[in-house]
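Take a look at the structure below.
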Amino acid sequence: MDSQSSCVVVTGFGPFRQHLVNSSWEAVKELSKLGLGSDMEVELQILQLPVDYREVKQRVTRIWEDLQPQLVVHVGMDPTAKAIFLEQCGKNWGYGDADIRGFHPECGVCLPDGPEVIASGVSMRAVSRSAVVEGVEVAFSRDAGRYVCDYTYYLSLHHGNGCAALVHVPPLSPSLPASLLGKALQVIIQQMLEETEKTRSQCLVHRKLSLCDSRRGEPTGGLLL
């Protein structure tokens, strides 16, 4: 992945089961209207994904290969949620629930040779603490639910070397309209980008310190006895 990429991709999902309107896609569309903020020097691209394991697998691969984004944020809907949940990790197994086409992965596994869990490089706990949105709680989670959104997240973490995130939003309601969820996504993604930049800076400092330490042991000339 190109570390200089300034593209952020945000995806939402289409209808599934009895949910003819998926709040995740409605929130992503509202985010597109708002943008990521005038001080954020990144290009925002949005995409709708179907609740379809096989189609998602192809599209996630293409996102990473074709766009080489700095970060991909997948947004899904949790029908029972009253808050927004930031998911720390994706799971490789347990996908027994059928998608909109009646399909589920063989043996319920995402990648047969993949690790059991892949964690995001973004600290969702830190983001959940710093992302303050009036009108809705932002919380931390380590269980993304073992459905198409979790499956998508695991694939994206795999292809993007951890540079992905999954945000679960509640269904739309009078107290949680799409406009509020879109604003929340803007604040959350801003914090995610700040968190990734902070982590990148810390890594550079550690590398420089390690390089300095290694050079201290190098000979400066003459013979070592």
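In the structure tokens, chains take the letters A, B, ... in the order shown, each chain's residues start at 1, and ligands count up from 1 in the order shown.
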
Can you list, as a ChimeraX atom specification, every residue of stretch 10-220 of chain A that DSSP puts in strand (DSSP E or B)? /A:10-13,16,19,43-49,71-77,84-87,89-91,93,109,117-119,138-141,164-169,173,176

Looking only at helix (DSSP H, G or I) from DSSP on the backbone, list the matching residues of stretch 126-191 of chain A as a PyMOL selection string. chain A and resi 126-130+148-159+178-191

Find the residues of stretch 32-95 of chain A that sit at most 10 Å from stretch 106-120 of chain A; for each, write down the nearest two atoms and how far apart they are in Å, to one decimal. Count only C-alpha atoms. Sort by chain, then by number going up, and give it as JSON lines.
{"residue": "A:Tyr53", "atom": "CA", "partner": "A:Cys110", "partner_atom": "CA", "distance": 9.1}
{"residue": "A:Lys57", "atom": "CA", "partner": "A:Cys110", "partner_atom": "CA", "distance": 9.1}
{"residue": "A:Glu87", "atom": "CA", "partner": "A:Ser120", "partner_atom": "CA", "distance": 8.5}
{"residue": "A:Gln88", "atom": "CA", "partner": "A:Ser120", "partner_atom": "CA", "distance": 5.8}
{"residue": "A:Cys89", "atom": "CA", "partner": "A:Ala119", "partner_atom": "CA", "distance": 4.1}
{"residue": "A:Gly90", "atom": "CA", "partner": "A:Ile118", "partner_atom": "CA", "distance": 5.5}
{"residue": "A:Lys91", "atom": "CA", "partner": "A:Val117", "partner_atom": "CA", "distance": 4.7}
{"residue": "A:Asn92", "atom": "CA", "partner": "A:Glu116", "partner_atom": "CA", "distance": 5.1}
{"residue": "A:Trp93", "atom": "CA", "partner": "A:Val109", "partner_atom": "CA", "distance": 4.4}
{"residue": "A:Gly94", "atom": "CA", "partner": "A:Gly108", "partner_atom": "CA", "distance": 5.1}
{"residue": "A:Tyr95", "atom": "CA", "partner": "A:Gly108", "partner_atom": "CA", "distance": 4.1}

Taking 2 positions as the minimum chain separation for residues in the same chain, which residues sit within 9 Å of stretch 123-126 of chain A when counting only C-alpha atoms? Answer as a list of chain:residue names. A:Leu86, A:Glu87, A:Gln88, A:Ser120, A:Gly121, A:Ser128, A:Arg129, A:Ser130, A:Ala131, A:Ala139, A:Phe140, A:Ser141, A:Ala165, A:Gln191, A:Met192, A:Glu195, A:Thr196

Expected file: the selected residues, N, CA, C and O atoms, as a PDB file, in the first residue's frame:
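Result file is part07.pdb:
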ATOM      1  N   LEU A  86     -17.429   1.286  17.765  1.00  0.00           N
ATOM      2  CA  LEU A  86     -16.199   1.199  16.992  1.00  0.00           C
ATOM      3  C   LEU A  86     -15.586  -0.166  17.251  1.00  0.00           C
ATOM      4  O   LEU A  86     -15.211  -0.491  18.384  1.00  0.00           O
ATOM      5  N   GLU A  87     -15.491  -0.968  16.205  1.00  0.00           N
ATOM      6  CA  GLU A  87     -15.038  -2.360  16.332  1.00  0.00           C
ATOM      7  C   GLU A  87     -13.523  -2.449  16.201  1.00  0.00           C
ATOM      8  O   GLU A  87     -12.951  -1.977  15.226  1.00  0.00           O
ATOM      9  N   GLN A  88     -12.881  -3.075  17.187  1.00  0.00           N
ATOM     10  CA  GLN A  88     -11.422  -3.147  17.188  1.00  0.00           C
ATOM     11  C   GLN A  88     -10.882  -4.222  16.258  1.00  0.00           C
ATOM     12  O   GLN A  88      -9.795  -4.067  15.690  1.00  0.00           O
ATOM     13  N   SER A 120      -7.388  -3.913  14.093  1.00  0.00           N
ATOM     14  CA  SER A 120      -7.095  -2.679  13.382  1.00  0.00           C
ATOM     15  C   SER A 120      -5.877  -2.001  13.980  1.00  0.00           C
ATOM     16  O   SER A 120      -5.619  -2.090  15.192  1.00  0.00           O
ATOM     17  N   GLY A 121      -5.129  -1.305  13.132  1.00  0.00           N
ATOM     18  CA  GLY A 121      -4.011  -0.509  13.617  1.00  0.00           C
ATOM     19  C   GLY A 121      -4.464   0.767  14.307  1.00  0.00           C
ATOM     20  O   GLY A 121      -3.667   1.451  14.939  1.00  0.00           O
ATOM     21  N   SER A 128     -12.844   6.223  20.596  1.00  0.00           N
ATOM     22  CA  SER A 128     -14.151   6.307  21.260  1.00  0.00           C
ATOM     23  C   SER A 128     -14.129   7.315  22.408  1.00  0.00           C
ATOM     24  O   SER A 128     -15.154   7.926  22.725  1.00  0.00           O
ATOM     25  N   ARG A 129     -12.959   7.490  23.012  1.00  0.00           N
ATOM     26  CA  ARG A 129     -12.847   8.462  24.105  1.00  0.00           C
ATOM     27  C   ARG A 129     -12.760   9.895  23.596  1.00  0.00           C
ATOM     28  O   ARG A 129     -13.243  10.832  24.246  1.00  0.00           O
ATOM     29  N   SER A 130     -12.133  10.069  22.440  1.00  0.00           N
ATOM     30  CA  SER A 130     -11.896  11.430  21.937  1.00  0.00           C
ATOM     31  C   SER A 130     -13.004  11.935  21.013  1.00  0.00           C
ATOM     32  O   SER A 130     -13.149  13.145  20.825  1.00  0.00           O
ATOM     33  N   ALA A 131     -13.772  11.013  20.427  1.00  0.00           N
ATOM     34  CA  ALA A 131     -14.832  11.413  19.496  1.00  0.00           C
ATOM     35  C   ALA A 131     -16.108  11.738  20.277  1.00  0.00           C
ATOM     36  O   ALA A 131     -16.861  10.845  20.661  1.00  0.00           O
ATOM     37  N   ALA A 139     -19.046   4.217  21.480  1.00  0.00           N
ATOM     38  CA  ALA A 139     -18.510   3.196  22.383  1.00  0.00           C
ATOM     39  C   ALA A 139     -17.537   2.269  21.649  1.00  0.00           C
ATOM     40  O   ALA A 139     -17.469   2.246  20.418  1.00  0.00           O
ATOM     41  N   PHE A 140     -16.821   1.487  22.426  1.00  0.00           N
ATOM     42  CA  PHE A 140     -15.783   0.568  21.944  1.00  0.00           C
ATOM     43  C   PHE A 140     -16.300  -0.869  21.980  1.00  0.00           C
ATOM     44  O   PHE A 140     -17.035  -1.244  22.892  1.00  0.00           O
ATOM     45  N   SER A 141     -15.921  -1.667  20.988  1.00  0.00           N
ATOM     46  CA  SER A 141     -16.380  -3.053  20.950  1.00  0.00           C
ATOM     47  C   SER A 141     -15.293  -3.950  20.376  1.00  0.00           C
ATOM     48  O   SER A 141     -14.493  -3.523  19.534  1.00  0.00           O
ATOM     49  N   ALA A 165     -11.213   0.171   9.418  1.00  0.00           N
ATOM     50  CA  ALA A 165     -12.044   0.351  10.611  1.00  0.00           C
ATOM     51  C   ALA A 165     -13.460  -0.107  10.288  1.00  0.00           C
ATOM     52  O   ALA A 165     -13.870  -0.108   9.127  1.00  0.00           O
ATOM     53  N   GLN A 191     -10.978  11.766  13.996  1.00  0.00           N
ATOM     54  CA  GLN A 191     -10.205  11.254  15.125  1.00  0.00           C
ATOM     55  C   GLN A 191      -9.378  10.031  14.722  1.00  0.00           C
ATOM     56  O   GLN A 191      -8.254   9.857  15.188  1.00  0.00           O
ATOM     57  N   MET A 192      -9.937   9.178  13.866  1.00  0.00           N
ATOM     58  CA  MET A 192      -9.172   8.010  13.395  1.00  0.00           C
ATOM     59  C   MET A 192      -7.927   8.437  12.632  1.00  0.00           C
ATOM     60  O   MET A 192      -6.842   7.870  12.821  1.00  0.00           O
ATOM     61  N   GLU A 195      -5.416   9.718  15.003  1.00  0.00           N
ATOM     62  CA  GLU A 195      -4.829   8.602  15.749  1.00  0.00           C
ATOM     63  C   GLU A 195      -3.795   7.869  14.900  1.00  0.00           C
ATOM     64  O   GLU A 195      -2.720   7.502  15.395  1.00  0.00           O
ATOM     65  N   THR A 196      -4.093   7.642  13.615  1.00  0.00           N
ATOM     66  CA  THR A 196      -3.134   6.950  12.746  1.00  0.00           C
ATOM     67  C   THR A 196      -1.891   7.810  12.526  1.00  0.00           C
ATOM     68  O   THR A 196      -0.776   7.288  12.464  1.00  0.00           O
TER      69      THR A 196
END

Take atom CA of A:Arg54 and atom CA of A:Ile100 and report the distance between them in Å, one decimal. 10.9 Å

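Using only C-alpha atoms for every distance, the candidate list A:Gly96, A:Asp39, A:Trp64, A:Val122 yields A:Val122 as the residue closest to A:Lys198.
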
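Using only C-alpha atoms, the protein and nucleic acid residues lying no more than 8 Å from A:Glu137, apart from those fewer than 5 places from it along its own chain, are Ala83, Ile84 and Val132 of chain A.
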
Contacts of A:Pro15 at 10 Å or less, counting only C-alpha atoms, minus same-chain residues fewer than 3 places along, as an MDAnalysis selection string? chainID A and resid 18:25 49:51 100

Any chance you can output those residues with all heavy atoms as an mmCIF file, in the first residue's frame?
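For reference, again-v6.cif as written:
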data_model
loop_
_atom_site.group_PDB
_atom_site.id
_atom_site.type_symbol
_atom_site.label_atom_id
_atom_site.label_comp_id
_atom_site.auth_asym_id
_atom_site.auth_seq_id
_atom_site.Cartn_x
_atom_site.Cartn_y
_atom_site.Cartn_z
ATOM 1 N N GLN A 18 -35.375 -7.566 6.816
ATOM 2 C CA GLN A 18 -36.539 -6.669 6.795
ATOM 3 C C GLN A 18 -36.133 -5.202 6.737
ATOM 4 O O GLN A 18 -36.998 -4.319 6.720
ATOM 5 C CB GLN A 18 -37.418 -6.926 8.035
ATOM 6 C CG GLN A 18 -36.854 -6.385 9.346
ATOM 7 C CD GLN A 18 -35.974 -7.387 10.067
ATOM 8 O OE1 GLN A 18 -35.349 -8.240 9.441
ATOM 9 N NE2 GLN A 18 -35.959 -7.292 11.396
ATOM 10 N N HIS A 19 -34.837 -4.930 6.697
ATOM 11 C CA HIS A 19 -34.352 -3.547 6.755
ATOM 12 C C HIS A 19 -34.191 -3.000 5.336
ATOM 13 O O HIS A 19 -33.124 -3.114 4.713
ATOM 14 C CB HIS A 19 -33.030 -3.487 7.518
ATOM 15 C CG HIS A 19 -33.092 -4.116 8.877
ATOM 16 N ND1 HIS A 19 -33.791 -3.532 9.921
ATOM 17 C CD2 HIS A 19 -32.602 -5.293 9.345
ATOM 18 C CE1 HIS A 19 -33.701 -4.322 10.989
ATOM 19 N NE2 HIS A 19 -32.990 -5.389 10.662
ATOM 20 N N LEU A 20 -35.266 -2.410 4.817
ATOM 21 C CA LEU A 20 -35.254 -1.893 3.452
ATOM 22 C C LEU A 20 -34.428 -0.612 3.331
ATOM 23 O O LEU A 20 -33.946 -0.276 2.251
ATOM 24 C CB LEU A 20 -36.687 -1.641 2.980
ATOM 25 C CG LEU A 20 -37.604 -2.876 2.981
ATOM 26 C CD1 LEU A 20 -38.986 -2.505 2.464
ATOM 27 C CD2 LEU A 20 -36.995 -4.002 2.146
ATOM 28 N N VAL A 21 -34.286 0.094 4.429
ATOM 29 C CA VAL A 21 -33.409 1.263 4.489
ATOM 30 C C VAL A 21 -32.293 0.944 5.487
ATOM 31 O O VAL A 21 -32.562 0.701 6.660
ATOM 32 C CB VAL A 21 -34.169 2.531 4.939
ATOM 33 C CG1 VAL A 21 -33.205 3.708 5.096
ATOM 34 C CG2 VAL A 21 -35.264 2.874 3.944
ATOM 35 N N ASN A 22 -31.070 0.928 4.988
ATOM 36 C CA ASN A 22 -29.933 0.612 5.856
ATOM 37 C C ASN A 22 -29.327 1.927 6.343
ATOM 38 O O ASN A 22 -28.835 2.731 5.541
ATOM 39 C CB ASN A 22 -28.901 -0.210 5.073
ATOM 40 C CG ASN A 22 -27.844 -0.820 5.981
ATOM 41 O OD1 ASN A 22 -27.346 -0.164 6.877
ATOM 42 N ND2 ASN A 22 -27.506 -2.074 5.731
ATOM 43 N N SER A 23 -29.363 2.128 7.639
ATOM 44 C CA SER A 23 -28.885 3.398 8.205
ATOM 45 C C SER A 23 -27.406 3.633 7.928
ATOM 46 O O SER A 23 -26.953 4.783 7.903
ATOM 47 C CB SER A 23 -29.139 3.432 9.718
ATOM 48 O OG SER A 23 -28.442 2.387 10.381
ATOM 49 N N SER A 24 -26.650 2.558 7.711
ATOM 50 C CA SER A 24 -25.220 2.738 7.447
ATOM 51 C C SER A 24 -25.005 3.512 6.149
ATOM 52 O O SER A 24 -24.185 4.436 6.084
ATOM 53 C CB SER A 24 -24.506 1.379 7.385
ATOM 54 O OG SER A 24 -24.879 0.629 6.246
ATOM 55 N N TRP A 25 -25.738 3.154 5.094
ATOM 56 C CA TRP A 25 -25.588 3.853 3.822
ATOM 57 C C TRP A 25 -26.165 5.259 3.896
ATOM 58 O O TRP A 25 -25.607 6.202 3.316
ATOM 59 C CB TRP A 25 -26.239 3.061 2.702
ATOM 60 C CG TRP A 25 -26.101 3.704 1.347
ATOM 61 C CD1 TRP A 25 -27.104 4.052 0.492
ATOM 62 C CD2 TRP A 25 -24.877 4.069 0.681
ATOM 63 N NE1 TRP A 25 -26.595 4.621 -0.653
ATOM 64 C CE2 TRP A 25 -25.225 4.644 -0.559
ATOM 65 C CE3 TRP A 25 -23.531 3.984 1.029
ATOM 66 C CZ2 TRP A 25 -24.273 5.118 -1.467
ATOM 67 C CZ3 TRP A 25 -22.580 4.461 0.131
ATOM 68 C CH2 TRP A 25 -22.954 5.013 -1.097
ATOM 69 N N LEU A 49 -21.897 -1.232 -0.468
ATOM 70 C CA LEU A 49 -21.643 -2.661 -0.616
ATOM 71 C C LEU A 49 -22.947 -3.434 -0.402
ATOM 72 O O LEU A 49 -23.731 -3.076 0.479
ATOM 73 C CB LEU A 49 -20.610 -3.139 0.410
ATOM 74 C CG LEU A 49 -19.219 -2.503 0.335
ATOM 75 C CD1 LEU A 49 -18.349 -3.018 1.485
ATOM 76 C CD2 LEU A 49 -18.559 -2.777 -0.995
ATOM 77 N N PRO A 50 -23.173 -4.495 -1.167
ATOM 78 C CA PRO A 50 -24.351 -5.331 -0.916
ATOM 79 C C PRO A 50 -24.090 -6.264 0.259
ATOM 80 O O PRO A 50 -22.939 -6.575 0.584
ATOM 81 C CB PRO A 50 -24.484 -6.125 -2.220
ATOM 82 C CG PRO A 50 -23.078 -6.245 -2.714
ATOM 83 C CD PRO A 50 -22.377 -4.983 -2.312
ATOM 84 N N VAL A 51 -25.138 -6.698 0.914
ATOM 85 C CA VAL A 51 -24.995 -7.649 2.018
ATOM 86 C C VAL A 51 -24.881 -9.048 1.404
ATOM 87 O O VAL A 51 -25.793 -9.872 1.467
ATOM 88 C CB VAL A 51 -26.174 -7.523 3.002
ATOM 89 C CG1 VAL A 51 -26.005 -8.463 4.190
ATOM 90 C CG2 VAL A 51 -26.293 -6.077 3.504
ATOM 91 N N ILE A 100 -28.088 -11.973 1.686
ATOM 92 C CA ILE A 100 -29.340 -11.691 0.991
ATOM 93 C C ILE A 100 -29.617 -12.688 -0.138
ATOM 94 O O ILE A 100 -30.744 -12.767 -0.622
ATOM 95 C CB ILE A 100 -29.373 -10.252 0.445
ATOM 96 C CG1 ILE A 100 -28.203 -10.003 -0.527
ATOM 97 C CG2 ILE A 100 -29.372 -9.241 1.573
ATOM 98 C CD1 ILE A 100 -28.294 -8.681 -1.276
#

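Candidate residues A:Gly135, A:Ala184, A:Pro79, A:Pro177 were compared for distance to A:Phe16, and the nearest is A:Pro79, using only C-alpha atoms.
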
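For stretch 72-78 of chain A, the residues within 6 Å (counting only C-alpha atoms, excluding itself and residues fewer than 6 positions away along the chain) are Val8, Val9, Val10, Thr11, Gly12, Ser24, Cys149, Ala164, Ala165, Leu166, Val167, His168, Val169 and Pro170 of chain A.
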
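Residues with any atom within 12 Å of A:Ser175, counting only C-alpha atoms and excluding same-chain neighbours fewer than 2 positions away, are Lys82, Ala83, Glu134, Gly135, Val136, Pro170, Pro171, Leu172, Ser173, Pro177, Ala178, Ser179, Leu180 and Leu181 of chain A.
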
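Take the candidates A:Lys33, A:Asp150, A:Leu176, A:Ile188 and check each one against A:Val138 using only C-alpha atoms; the shortest distance goes to A:Ile188.
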